[in-house]
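To start, the structure itself, in structure tokens.
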There are 2 protein chains.
Amino acid sequence: MPHAKNIIWIMCDQLRYDYLGCTGHKTLKTPNIDALAARGVRFSRAYVQSPICGPSRMSFYTGRYMRSHGSHWNGWPLRIGEPTLGDHLKKIGVRNVLVGKTHMAPDLEGLKSLGIAPDSIIGVHVSECGFEPWERDDGLHPTGRPRPRYDAYLRERGFEAPNPWEQWANSGEDAEGALQNGWLLVHSDKAARIPEEHSETPYMTRRAMDFIGDAEQDGRPWCLHLSYIKPHWPYIAPEPYASMYGAGDVQPAIRSHKERQQAHPVFAAYMDMRYSRNMARDEAREKVIPAYMGLIKQIDDQVGALMQFLQARGLLDSTMIVFTSDHGDYLGDHWMGEKDLFHDQSAKIPLIVVDPSGAADTTRGTVSDALVEAIDLAPTFIEVFGGTPPDHILEGRSLLPLLRGERPADWRKVLFSEYDYSMQDVRLKLNQPIERCRLFMAFDGRWKYIHASGFRPMLYDLLSDPQEFSDRGEDPACAGEIARLQAALLDWALHPKSHITTSNARIAAYADQQLQVKAGVLIGIWDEAELAAIRQRIGI
Amino acid sequence: MPHAKNIIWIMCDQLRYDYLGCTGHKTLKTPNIDALAARGVRFSRAYVQSPICGPSRMSFYTGRYMRSHGSHWNGWPLRIGEPTLGDHLKKIGVRNVLVGKTHMAPDLEGLKSLGIAPDSIIGVHVSECGFEPWERDDGLHPTGRPRPRYDAYLRERGFEAPNPWEQWANSGEDAEGALQNGWLLVHSDKAARIPEEHSETPYMTRRAMDFIGDAEQDGRPWCLHLSYIKPHWPYIAPEPYASMYGAGDVQPAIRSHKERQQAHPVFAAYMDMRYSRNMARDEAREKVIPAYMGLIKQIDDQVGALMQFLQARGLLDSTMIVFTSDHGDYLGDHWMGEKDLFHDQSAKIPLIVVDPSGAADTTRGTVSDALVEAIDLAPTFIEVFGGTPPDHILEGRSLLPLLRGERPADWRKVLFSEYDYSMQDVRLKLNQPIERCRLFMAFDGRWKYIHASGFRPMLYDLLSDPQEFSDRGEDPACAGEIARLQAALLDWALHPKSHITTSNARIAAYADQQLQVKAGVLIGIWDEAELAAIRQRIGI
């Protein structure tokens with residue numbers, strides 16, 4: 001078979017690289033996800049473009065670095081006219097469908113200034129980041145925000161409350177039945193009040209199945225983004241997952257006291273964030289991590305159910321399956337909570353691609369250590385559907401050669417990630433100007449260089465220090481590595497793909513074919529004889 | 001008076017810095033432009049963001065660097081949604097009006113994908129780069145392209161031809177009356193066939209006067225961009241300007257034989273371009289430069305006429321006058337023709353600002369050597385009209401403090417310019433990949449550092465070598481200067497203003513006012529007691 005006909009692109013939220021069976025977790029078993037790895041290629045060095053939901057996802061959905069798409073933080077609207085995967089797939093007749101989270105915020109001001117109604121067909125396409133929203137649900141629904149369809153689903157089943165999402169699916173109860181706020185870490189050891197089948201992960205899986213069933217009638221090829229909110233906080237799992245793991249399953253924290261001594265100012269500011277101080281405590285880790293593991297186990301079971309569904313429908317052989325995450329979670333490692341910085345716990349993601357085509361048979365069950373970026377998925381998908389990724393817009397590279405056993409000689413030698421902390425307390429602590437709250441990672445597979453605007457750089461050698469305990473940013477012995485990666489960062493920074501209106505094919509034709517002279521624009525030609533010679537040479 | 005009520009923003013095309021009386025030309029007299037300098041501030045270190053029409057202008061019109069607006073070359077459409085000066089002025093009720101050239105190409109694909117008709121009100125606003133086109137005329141009209149209104153104007157006056165613009169206004173004739181192609185340098189010493197009053201510069205001046213008359217009835221404040229095509233090629237002037245200057249007025253070429261020895265590969269490739277080889281010949285300089293000077297002299301006279309018109313209408317005291325250019329012209333200096341590289345002949349522009357407000361009285365007739373960029377005009381204009389320049393979008397700085405005698409301590413220490421040669425034969429000669437045909441200048445007022453992707457850097461010391469003959473890019477003694485300016489370039493490259501949808505005010509409020517917690521998104525809070533303490537602290 002030449003190409004997959006459809007793609008299911010599963011994304012977890014805040015799932016870190018090493019919390020799967022196939023990536024080496026000691027006590028968490030994920031047989032269904034591992035089975036995907038056995039059928040496809042697992043990438044061991046895949047990184048996000050920004051270790052925080054919104055900007056990371058905008059990079060996945062545009063195939064462009066954060067510096068190019070400009071949405072640096074959750075809720076920062078993606079500017080109108082920024083081309084998305086959905087735009088590219090639409091041109092080749094492929095549906096780009098969403099079930100779950102995108103974290104997209106529409107550019108309402110841009111829409112207004114161009115006279116586009118947000119609820120028009122084009123308005124929705126733009127506002128949903130190029131997705132056809134089968135069901136949009138960003139998975140965080142505190143009281144006072146617009147309600148998800150999932151609220152109504154819960155109510156229909158008798159789970160009544162002012163905020164069913166929060167009070168049933170994301171809260172626990174104590175021995176007396178009193179509600180326990182699931183946002184708070186201290187309650188992560190409780191079970192969500194909801195029966196498992198009505199919790200968010202299986203609900204979204206069923207919504208994906210609904211779409212797939214519907215799409216069979218429609219007939220057009222599709223890319224389905226099944227985007228789970230979990231294991232993102234609130235860290236609370238329904239039974240049986242809530243009690244599946246305990247303190248004995250929690251791995252020792254990956255951290256060193258030397259990290260706290262002479263920490264880089266930005267790192268120190270993050271270690272001092274409330275969520276870091278809390279998650280650095282063993283008591284918190286022992287409550288949160290078992291819940292986090294249970295939520296992953298639930299996803300694994302749902303992946304299994306989805307694969308069975310595809311098999312029953314005869315779709316397994318025609319569907320590419322992609323499994324990944326939008327960033328990781330420190331979980332107390334490096335004295336940190338949340339994500340934010342570029343340690344592997346935060347910036348590295350699981351990525352498994354099952355390509356059903358015969359051309360990929362040689363790579364099944366293998367692990368690729370190629371340097372892969374989140375932005376590589378968009379061009380991969382376009383190529384799977386037979387399109388040509390627009391190389392003046394997309395900043396990632398198609399993974400298809402890697403899936404088919406090739407290792408292109410010009411594959412990237414350095415990958416990049418970015419972070420903007422202007423929306424966080426860290427800005428206030430460091431007293432940095434808004435435009436300079438920026439961090440950049442350049443990683444060559446061994447050396448991880450971090451440029452922090454206004455501060456000295458950080459540097460980790462993952463060969464001699466795989467746990468990233470020793471910041472060598474001030475080590476004179478590393479000056480050469482720092483200079484080399486700084487030059488790579490400069491080169492990257494100087495070559496954004498910003499000329500999105502002008503294709504490389506058009507550029508090539510212009511000089512190659514002397515289009516300027518052909519159009520009659522005659523620059524610096526001396527006389528009639530010279531002009532005649534030029535015309536003869538270029539054949540006009 | 002607090003502020004000017006209107007702005008007339010005169011732009012010449014291809015007028016280099018040193019071809020005015022007030023900037024030191026020995027034989028060219030420009031009393032009317034000099035009079036502007038006497039009434040205002042003349043900037044002696046103003047540089048364009050790219051020394052080529054289209055991208056330079058898109059930077060003027062957006063207030064953003066080329067790497068941000070993405071239009072790297074003439075005819076590369078400005079992406080839809082890229083905010084323009086016109087967008088910002090519209091919000092504060094100011095008309096942004098065009099008479100003449102912009103070199104704007106509309107993003108037709110972007111318009112189509114958003115369902116916007118190019119001839120709708122919004123479509124025209126976008127397609128005209130935020131200008132209200134009183135008369136759009138890009139000033140280059142070879143046969144086969146859409147015709148300008150100016151063609152009809154000529155025909156109405158009896159200047160009949162298949163292409164009146166080319167055959168009357170931009171061609172000469174020989175002694176026998178035979179047409180001589182004005183595109184060719186050899187004919188630059190001839191007079192254009194048109195009577196002076198019907199040539200392009202006075203025609204456009206009258207069109208500007210038409211608008212000003214009309215605007216008095218309208219009553220809204222306005223910014224009028226009077227954008228002359230001249231002294232841009234075709235280098236041919238009408239009488240009396242055609243014979244006003246001769247070979248004796250041509251200054252010696254600024255060049256050194258050592259420039260040709262061991263020239264940087266990019267510089268060498270440009271010196272080998274047809275237009276450079278031709279313009280490096282004295283015979284060409286002696287034909288072209290007198291015509292170039294005549295065209296400037298004509299502009300000077302038209303500036304005088306326009307000032308008289310304003311005075312007669314009582315508008316001089318309420319109108320800011322800005323006089324500038326979109327880039328220079330080598331005219332054979334440095335063995336080069338055209339523009340393209342960053343020598344002062346190419347990248348430096350004249351800039352005069354006459355601010356009629358009383359606050360500017362102290363600076364009248366002074367020269368400012370502040371490092372100024374083309375992108376500084378957009379925020380200046382917004383501020384003149386009482387608006388607040390959106391500092392998350394605009395990458396330039398308002399010149400108003402400089403006009404009023406202040407020298408902000410944090411004024412830029414380094415300015416930047418860019419160039420993309422992918423559309424030129426130089427790409428083929430150097431065999432560079434399309435995406436890497438990039439040049440970047442970082443200039444601190446003394447050292448001019450030029451980064452050329454894929455090549456060694458260039459460096460000039462304008463203190464010891466004001467004529468820029470010695471490329472110190474490989475001089476070990478300059479390693480420190482190179483490292484310093486490379487670091488400045490990295491810093492610049494890492495901080496584009498790409499988050500155009502999210503204002504700095506919104507960003508500041510978010511962390512300052514704890515908006516995340518107020519919205520109910522509770523991250524990493526341990527228990528009820530901690531939550532209560534936070535709520536109390538932030539007052540909810």
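Labels used: A, B, ... for chains in the order of the structure tokens, numbers from 1 for residues in each chain, and numbers from 1 for ligands as shown.
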
May I have all residues of stretch 326-539 of chain B that DSSP, computed from the backbone, assigns to helix (DSSP H, G or I), given as a short mmCIF file (atom, residue, chain, number, x, y, z; two decimals) with N, CA, C and O atoms, in the first residue's frame?
data_model
loop_
_atom_site.label_atom_id
_atom_site.label_comp_id
_atom_site.auth_asym_id
_atom_site.auth_seq_id
_atom_site.Cartn_x
_atom_site.Cartn_y
_atom_site.Cartn_z
N ASP B 333 30.24 53.95 -7.34
CA ASP B 333 31.10 53.89 -6.15
C ASP B 333 31.25 52.42 -5.74
O ASP B 333 30.34 51.61 -5.93
N HIS B 334 32.40 52.13 -5.17
CA HIS B 334 32.68 50.74 -4.75
C HIS B 334 32.53 49.75 -5.90
O HIS B 334 32.20 48.59 -5.67
N TRP B 335 32.69 50.23 -7.13
CA TRP B 335 32.60 49.38 -8.33
C TRP B 335 31.21 48.77 -8.48
O TRP B 335 31.05 47.68 -9.03
N ASP B 344 27.37 53.06 2.77
CA ASP B 344 26.52 54.23 3.02
C ASP B 344 25.83 54.72 1.74
O ASP B 344 24.73 55.27 1.79
N GLN B 345 26.48 54.50 0.59
CA GLN B 345 25.87 54.93 -0.68
C GLN B 345 24.52 54.24 -0.93
O GLN B 345 23.68 54.75 -1.67
N SER B 346 24.35 53.09 -0.32
CA SER B 346 23.18 52.26 -0.59
C SER B 346 22.18 52.28 0.57
O SER B 346 20.99 52.47 0.38
N ALA B 347 22.70 52.07 1.78
CA ALA B 347 21.80 51.82 2.92
C ALA B 347 21.46 53.09 3.71
O ALA B 347 20.51 53.08 4.49
N GLY B 358 5.74 73.99 18.80
CA GLY B 358 6.63 74.85 19.55
C GLY B 358 7.70 74.06 20.29
O GLY B 358 8.83 74.53 20.48
N ALA B 359 7.36 72.85 20.69
CA ALA B 359 8.31 72.03 21.44
C ALA B 359 9.55 71.71 20.63
O ALA B 359 10.59 71.34 21.19
N ALA B 360 9.43 71.86 19.30
CA ALA B 360 10.57 71.52 18.44
C ALA B 360 11.39 72.75 18.07
O ALA B 360 12.34 72.65 17.29
N ASP B 361 11.03 73.89 18.63
CA ASP B 361 11.74 75.12 18.23
C ASP B 361 13.23 75.07 18.52
O ASP B 361 14.04 75.61 17.78
N THR B 362 13.58 74.38 19.61
CA THR B 362 14.99 74.38 20.01
C THR B 362 15.88 73.57 19.07
O THR B 362 17.10 73.71 19.11
N THR B 363 15.30 72.73 18.28
CA THR B 363 16.14 71.88 17.42
C THR B 363 16.16 72.32 15.97
O THR B 363 16.78 71.66 15.14
N ALA B 374 14.51 53.34 9.42
CA ALA B 374 13.30 53.67 8.66
C ALA B 374 12.04 53.36 9.46
O ALA B 374 11.03 54.06 9.35
N ILE B 375 12.10 52.30 10.26
CA ILE B 375 10.92 51.90 11.02
C ILE B 375 10.56 52.88 12.14
O ILE B 375 9.52 52.70 12.78
N ASP B 376 11.39 53.89 12.34
CA ASP B 376 11.06 54.87 13.38
C ASP B 376 9.96 55.84 12.94
O ASP B 376 9.35 56.50 13.78
N LEU B 377 9.71 55.93 11.65
CA LEU B 377 8.72 56.92 11.21
C LEU B 377 7.30 56.53 11.63
O LEU B 377 6.53 57.39 12.06
N ALA B 378 6.94 55.25 11.49
CA ALA B 378 5.56 54.87 11.83
C ALA B 378 5.20 55.24 13.27
O ALA B 378 4.17 55.90 13.50
N PRO B 379 6.00 54.86 14.27
CA PRO B 379 5.62 55.28 15.64
C PRO B 379 5.66 56.79 15.82
O PRO B 379 4.85 57.33 16.59
N THR B 380 6.55 57.46 15.11
CA THR B 380 6.58 58.93 15.19
C THR B 380 5.24 59.51 14.74
O THR B 380 4.64 60.36 15.42
N PHE B 381 4.77 59.03 13.61
CA PHE B 381 3.52 59.57 13.06
C PHE B 381 2.34 59.29 13.98
O PHE B 381 1.47 60.14 14.18
N ILE B 382 2.29 58.08 14.52
CA ILE B 382 1.18 57.75 15.43
C ILE B 382 1.20 58.70 16.63
O ILE B 382 0.16 59.21 17.05
N GLU B 383 2.38 58.96 17.13
CA GLU B 383 2.49 59.84 18.29
C GLU B 383 2.12 61.28 17.93
O GLU B 383 1.48 61.98 18.73
N VAL B 384 2.51 61.73 16.74
CA VAL B 384 2.15 63.08 16.30
C VAL B 384 0.64 63.27 16.34
O VAL B 384 0.14 64.33 16.74
N LEU B 400 10.05 61.63 18.14
CA LEU B 400 9.62 62.89 18.76
C LEU B 400 10.56 63.39 19.84
O LEU B 400 10.88 64.59 19.87
N PRO B 401 11.06 62.53 20.73
CA PRO B 401 12.01 63.06 21.73
C PRO B 401 13.21 63.73 21.07
O PRO B 401 13.62 64.81 21.50
N LEU B 402 13.73 63.12 20.01
CA LEU B 402 14.90 63.70 19.34
C LEU B 402 14.54 65.03 18.71
O LEU B 402 15.34 65.96 18.69
N LEU B 403 13.31 65.11 18.18
CA LEU B 403 12.89 66.35 17.54
C LEU B 403 12.72 67.46 18.57
O LEU B 403 12.74 68.65 18.23
N ASP B 425 20.69 37.05 -9.73
CA ASP B 425 21.73 36.20 -10.31
C ASP B 425 22.83 35.86 -9.31
O ASP B 425 23.51 34.84 -9.45
N VAL B 426 23.00 36.73 -8.32
CA VAL B 426 24.03 36.48 -7.31
C VAL B 426 23.82 35.12 -6.65
O VAL B 426 24.77 34.41 -6.34
N ARG B 427 22.59 34.76 -6.45
CA ARG B 427 22.30 33.43 -5.89
C ARG B 427 22.89 32.33 -6.78
O ARG B 427 23.51 31.38 -6.28
N LEU B 428 22.71 32.47 -8.07
CA LEU B 428 23.20 31.45 -8.99
C LEU B 428 24.73 31.43 -9.00
O LEU B 428 25.36 30.38 -8.98
N LYS B 429 25.31 32.64 -9.01
CA LYS B 429 26.78 32.71 -9.01
C LYS B 429 27.37 32.08 -7.77
O LYS B 429 28.41 31.43 -7.83
N LEU B 430 26.72 32.32 -6.65
CA LEU B 430 27.28 31.82 -5.38
C LEU B 430 26.76 30.43 -5.04
O LEU B 430 27.20 29.81 -4.08
N ILE B 434 18.17 28.82 -1.59
CA ILE B 434 17.26 29.96 -1.57
C ILE B 434 17.09 30.56 -0.17
O ILE B 434 17.13 31.78 -0.01
N GLU B 435 16.93 29.72 0.82
CA GLU B 435 16.64 30.23 2.17
C GLU B 435 17.87 30.84 2.84
O GLU B 435 17.77 31.37 3.94
N ARG B 436 19.02 30.72 2.22
CA ARG B 436 20.24 31.19 2.88
C ARG B 436 20.92 32.34 2.14
O ARG B 436 22.09 32.64 2.37
N PRO B 476 42.41 39.63 12.51
CA PRO B 476 42.37 39.12 13.89
C PRO B 476 42.27 40.24 14.92
O PRO B 476 41.68 40.04 15.99
N ALA B 477 42.77 41.41 14.58
CA ALA B 477 42.71 42.52 15.53
C ALA B 477 41.28 42.98 15.77
O ALA B 477 41.00 43.68 16.74
N CYS B 478 40.39 42.59 14.87
CA CYS B 478 38.99 43.03 15.00
C CYS B 478 38.08 41.95 15.58
O CYS B 478 36.85 42.11 15.58
N ALA B 479 38.67 40.86 16.05
CA ALA B 479 37.84 39.75 16.54
C ALA B 479 36.89 40.20 17.65
O ALA B 479 35.74 39.75 17.73
N GLY B 480 37.37 41.11 18.49
CA GLY B 480 36.52 41.58 19.59
C GLY B 480 35.32 42.37 19.10
O GLY B 480 34.20 42.18 19.57
N GLU B 481 35.56 43.24 18.11
CA GLU B 481 34.44 44.01 17.55
C GLU B 481 33.44 43.08 16.86
O GLU B 481 32.22 43.26 16.96
N ILE B 482 33.98 42.10 16.16
CA ILE B 482 33.09 41.15 15.47
C ILE B 482 32.24 40.39 16.48
O ILE B 482 31.03 40.26 16.32
N ALA B 483 32.88 39.93 17.54
CA ALA B 483 32.12 39.16 18.56
C ALA B 483 31.05 40.04 19.20
O ALA B 483 29.91 39.60 19.43
N ARG B 484 31.40 41.29 19.46
CA ARG B 484 30.45 42.20 20.11
C ARG B 484 29.24 42.46 19.21
O ARG B 484 28.09 42.39 19.64
N LEU B 485 29.49 42.72 17.92
CA LEU B 485 28.37 43.03 17.04
C LEU B 485 27.60 41.76 16.67
O LEU B 485 26.39 41.81 16.42
N GLN B 486 28.29 40.63 16.66
CA GLN B 486 27.58 39.36 16.42
C GLN B 486 26.63 39.08 17.60
O GLN B 486 25.51 38.60 17.39
N ALA B 487 27.08 39.39 18.80
CA ALA B 487 26.20 39.21 19.97
C ALA B 487 24.99 40.15 19.86
O ALA B 487 23.86 39.77 20.19
N ALA B 488 25.23 41.37 19.38
CA ALA B 488 24.11 42.31 19.20
C ALA B 488 23.15 41.78 18.14
O ALA B 488 21.93 41.89 18.27
N LEU B 489 23.71 41.20 17.09
CA LEU B 489 22.86 40.64 16.03
C LEU B 489 22.04 39.47 16.56
O LEU B 489 20.85 39.34 16.26
N LEU B 490 22.69 38.62 17.37
CA LEU B 490 21.95 37.49 17.96
C LEU B 490 20.81 38.01 18.81
O LEU B 490 19.67 37.53 18.72
N ASP B 491 21.09 39.01 19.62
CA ASP B 491 20.06 39.54 20.49
C ASP B 491 18.89 40.10 19.67
O ASP B 491 17.72 39.87 19.98
N TRP B 492 19.23 40.81 18.61
CA TRP B 492 18.20 41.35 17.72
C TRP B 492 17.38 40.22 17.08
O TRP B 492 16.15 40.27 17.03
N ALA B 493 18.12 39.21 16.60
CA ALA B 493 17.44 38.13 15.88
C ALA B 493 16.52 37.32 16.79
O ALA B 493 15.51 36.79 16.35
N LEU B 494 16.88 37.26 18.08
CA LEU B 494 16.08 36.44 19.00
C LEU B 494 14.83 37.16 19.51
O LEU B 494 14.00 36.53 20.16
N ASN B 504 1.52 44.36 25.28
CA ASN B 504 2.35 44.32 26.48
C ASN B 504 1.55 44.71 27.72
O ASN B 504 1.82 44.23 28.82
N ALA B 505 0.54 45.54 27.54
CA ALA B 505 -0.30 45.92 28.68
C ALA B 505 -1.05 44.69 29.21
O ALA B 505 -1.15 44.47 30.42
N ARG B 506 -1.54 43.87 28.28
CA ARG B 506 -2.24 42.66 28.70
C ARG B 506 -1.28 41.70 29.40
O ARG B 506 -1.63 41.09 30.42
N ILE B 507 -0.09 41.60 28.88
CA ILE B 507 0.90 40.70 29.48
C ILE B 507 1.24 41.18 30.89
O ILE B 507 1.29 40.38 31.84
N ALA B 508 1.46 42.47 31.02
CA ALA B 508 1.83 43.02 32.32
C ALA B 508 0.73 42.75 33.35
O ALA B 508 1.00 42.33 34.48
N ALA B 509 -0.51 42.95 32.94
CA ALA B 509 -1.63 42.79 33.86
C ALA B 509 -1.76 41.36 34.35
O ALA B 509 -2.12 41.10 35.50
N TYR B 510 -1.43 40.43 33.48
CA TYR B 510 -1.69 39.02 33.78
C TYR B 510 -0.92 38.56 35.02
O TYR B 510 -1.49 38.01 35.95
N ALA B 511 0.38 38.78 35.01
CA ALA B 511 1.17 38.36 36.18
C ALA B 511 0.95 39.33 37.33
O ALA B 511 0.71 38.92 38.47
N ASP B 512 0.99 40.63 37.03
CA ASP B 512 0.85 41.64 38.09
C ASP B 512 -0.43 41.42 38.90
O ASP B 512 -0.44 41.56 40.11
N LEU B 515 -4.09 37.17 37.28
CA LEU B 515 -5.35 36.89 36.58
C LEU B 515 -5.62 35.39 36.45
O LEU B 515 -6.77 34.98 36.34
N GLN B 516 -4.55 34.58 36.44
CA GLN B 516 -4.77 33.15 36.29
C GLN B 516 -5.54 32.60 37.50
O GLN B 516 -6.54 31.90 37.34
N VAL B 517 -5.07 32.95 38.68
CA VAL B 517 -5.77 32.46 39.88
C VAL B 517 -7.18 33.05 39.93
O VAL B 517 -8.15 32.36 40.25
N LYS B 518 -7.31 34.31 39.55
CA LYS B 518 -8.64 34.92 39.58
C LYS B 518 -9.60 34.21 38.62
O LYS B 518 -10.81 34.18 38.85
N GLU B 528 -6.30 23.61 51.03
CA GLU B 528 -7.26 24.69 51.22
C GLU B 528 -6.66 25.89 51.93
O GLU B 528 -6.99 27.05 51.63
N ALA B 529 -5.76 25.63 52.86
CA ALA B 529 -5.16 26.73 53.63
C ALA B 529 -4.29 27.60 52.72
O ALA B 529 -4.36 28.83 52.75
N GLU B 530 -3.53 26.93 51.87
CA GLU B 530 -2.67 27.69 50.95
C GLU B 530 -3.53 28.48 49.97
O GLU B 530 -3.25 29.65 49.68
N LEU B 531 -4.57 27.86 49.48
CA LEU B 531 -5.47 28.54 48.54
C LEU B 531 -6.11 29.76 49.20
O LEU B 531 -6.18 30.85 48.60
N ALA B 532 -6.55 29.60 50.43
CA ALA B 532 -7.19 30.71 51.14
C ALA B 532 -6.21 31.87 51.34
O ALA B 532 -6.56 33.04 51.17
N ALA B 533 -4.97 31.52 51.65
CA ALA B 533 -3.96 32.57 51.86
C ALA B 533 -3.71 33.33 50.56
O ALA B 533 -3.57 34.56 50.55
N ILE B 534 -3.64 32.60 49.43
CA ILE B 534 -3.42 33.25 48.13
C ILE B 534 -4.59 34.18 47.82
O ILE B 534 -4.42 35.33 47.42
N ARG B 535 -5.79 33.65 48.05
CA ARG B 535 -6.98 34.45 47.73
C ARG B 535 -7.02 35.73 48.56
O ARG B 535 -7.38 36.79 48.05
N GLN B 536 -6.64 35.58 49.79
CA GLN B 536 -6.64 36.77 50.64
C GLN B 536 -5.61 37.79 50.15
O GLN B 536 -5.89 38.98 50.05
N ARG B 537 -4.44 37.26 49.79
CA ARG B 537 -3.36 38.14 49.37
C ARG B 537 -3.72 38.93 48.11
O ARG B 537 -3.41 40.10 47.97
N ILE B 538 -4.41 38.26 47.16
CA ILE B 538 -4.72 38.95 45.90
C ILE B 538 -6.12 39.55 45.90
O ILE B 538 -6.59 40.07 44.90
#

Given a cut-off of 7 Å, which residues of chain A touch chain B, counting only C-alpha atoms, written out as a ChimeraX atom specification?
/A:67-68,70-72,76-77,79-81,107,110,114,122,142-143,183-186,274-275,278,422-425,434,490,493-494,498-499,501-502,504,507,510-511,520-527

Write out as a VMD selection string each polymer residue whose atoms come within 7 Å of B:Leu15, counting only C-alpha atoms; drop sequence neighbours fewer than 4 positions from it.
chain B and resid 231 325 327 to 329

May I have the residues within 10 Å of stretch 413-415 of chain A as a tab-separated table (two decimals) with N, CA, C and O atoms, in the first residue's frame, using only C-alpha atoms and disregarding those fewer than 6 positions away in the same chain?
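The file below, selection.tsv, is the result:
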chain	number	residue	atom	x	y	z
A	45	ARG	N	14.32	10.98	20.71
A	45	ARG	CA	14.79	12.35	20.90
A	45	ARG	C	13.86	13.34	20.21
A	45	ARG	O	14.27	14.13	19.35
A	46	ALA	N	12.59	13.28	20.61
A	46	ALA	CA	11.61	14.23	20.07
A	46	ALA	C	11.36	15.31	21.12
A	46	ALA	O	11.14	15.01	22.30
A	47	TYR	N	11.40	16.56	20.68
A	47	TYR	CA	11.26	17.70	21.59
A	47	TYR	C	10.17	18.65	21.11
A	47	TYR	O	9.92	18.76	19.91
A	48	VAL	N	9.58	19.33	22.07
A	48	VAL	CA	8.55	20.32	21.73
A	48	VAL	C	9.22	21.66	21.41
A	48	VAL	O	10.35	21.92	21.81
A	49	GLN	N	8.47	22.51	20.71
A	49	GLN	CA	9.01	23.83	20.36
A	49	GLN	C	8.89	24.83	21.50
A	49	GLN	O	9.54	25.87	21.48
A	370	ALA	N	17.02	10.02	15.91
A	370	ALA	CA	17.15	11.26	15.14
A	370	ALA	C	16.62	12.43	15.96
A	370	ALA	O	15.70	12.27	16.76
A	371	LEU	N	17.18	13.60	15.76
A	371	LEU	CA	16.70	14.80	16.44
A	371	LEU	C	15.41	15.25	15.76
A	371	LEU	O	15.41	15.67	14.60
A	372	VAL	N	14.33	15.12	16.51
A	372	VAL	CA	13.00	15.37	15.94
A	372	VAL	C	12.34	16.51	16.71
A	372	VAL	O	12.51	16.64	17.92
A	373	GLU	N	11.61	17.34	15.97
A	373	GLU	CA	10.90	18.46	16.56
A	373	GLU	C	9.39	18.29	16.34
A	373	GLU	O	8.98	17.66	15.36
A	441	MET	N	16.54	27.03	23.67
A	441	MET	CA	17.36	25.83	23.78
A	441	MET	C	17.89	25.44	22.41
A	441	MET	O	17.13	25.41	21.43
A	442	ALA	N	19.18	25.15	22.34
A	442	ALA	CA	19.78	24.53	21.15
A	442	ALA	C	20.42	23.23	21.62
A	442	ALA	O	21.31	23.26	22.48
A	443	PHE	N	19.97	22.11	21.07
A	443	PHE	CA	20.40	20.79	21.56
A	443	PHE	C	20.89	19.97	20.39
A	443	PHE	O	20.19	19.80	19.38
A	444	ASP	N	22.12	19.46	20.52
A	444	ASP	CA	22.70	18.72	19.41
A	444	ASP	C	22.70	17.21	19.63
A	444	ASP	O	23.36	16.47	18.91
A	445	GLY	N	21.96	16.76	20.65
A	445	GLY	CA	21.92	15.34	20.95
A	445	GLY	C	22.84	14.99	22.11
A	445	GLY	O	22.67	13.97	22.78
A	446	ARG	N	23.80	15.85	22.34
A	446	ARG	CA	24.68	15.68	23.50
A	446	ARG	C	24.65	16.94	24.37
A	446	ARG	O	24.31	16.88	25.53
A	447	TRP	N	24.99	18.06	23.78
A	447	TRP	CA	25.07	19.31	24.54
A	447	TRP	C	23.75	20.07	24.43
A	447	TRP	O	23.23	20.30	23.34
A	448	LYS	N	23.26	20.46	25.58
A	448	LYS	CA	22.03	21.25	25.62
A	448	LYS	C	22.39	22.65	26.09
A	448	LYS	O	22.74	22.87	27.24
A	485	LEU	N	27.30	26.25	19.78
A	485	LEU	CA	25.84	26.20	19.82
A	485	LEU	C	25.23	27.59	19.74
A	485	LEU	O	24.12	27.76	19.22
A	488	ALA	N	25.02	28.24	16.18
A	488	ALA	CA	23.87	27.52	15.61
A	488	ALA	C	22.57	28.26	15.93
A	488	ALA	O	21.67	28.35	15.09
A	489	LEU	N	22.50	28.80	17.13
A	489	LEU	CA	21.30	29.55	17.52
A	489	LEU	C	21.18	30.81	16.68
A	489	LEU	O	20.08	31.16	16.22
A	492	TRP	N	19.94	29.89	13.29
A	492	TRP	CA	18.50	29.58	13.37
A	492	TRP	C	17.68	30.86	13.47
A	492	TRP	O	16.68	31.04	12.78

According to DSSP computed on the backbone, where in stretch 388-435 of chain A is there strand (DSSP E)? Give the residues as a PyMOL selection string.
chain A and resi 415-420

Close residues, stretch 242-255 of chain A itself excluded, 10 Å, only C-alpha atoms, min 5 positions apart in chain, as a VMD selection string:
chain A and resid 25 to 28 188 to 192 196 235 to 237 260 280 to 283 285 to 295 297 to 298 330 to 336 345 467 to 469

For stretch 207-217 of chain B, list every protein, DNA or RNA residue within 8 Å, evaluated using only C-alpha atoms, and leave out those in the same chain fewer than 6 positions away; present the list as a list in words.
Val99, Trp134, Glu135, Leu224, Leu226, Leu306 and Phe309 of chain B
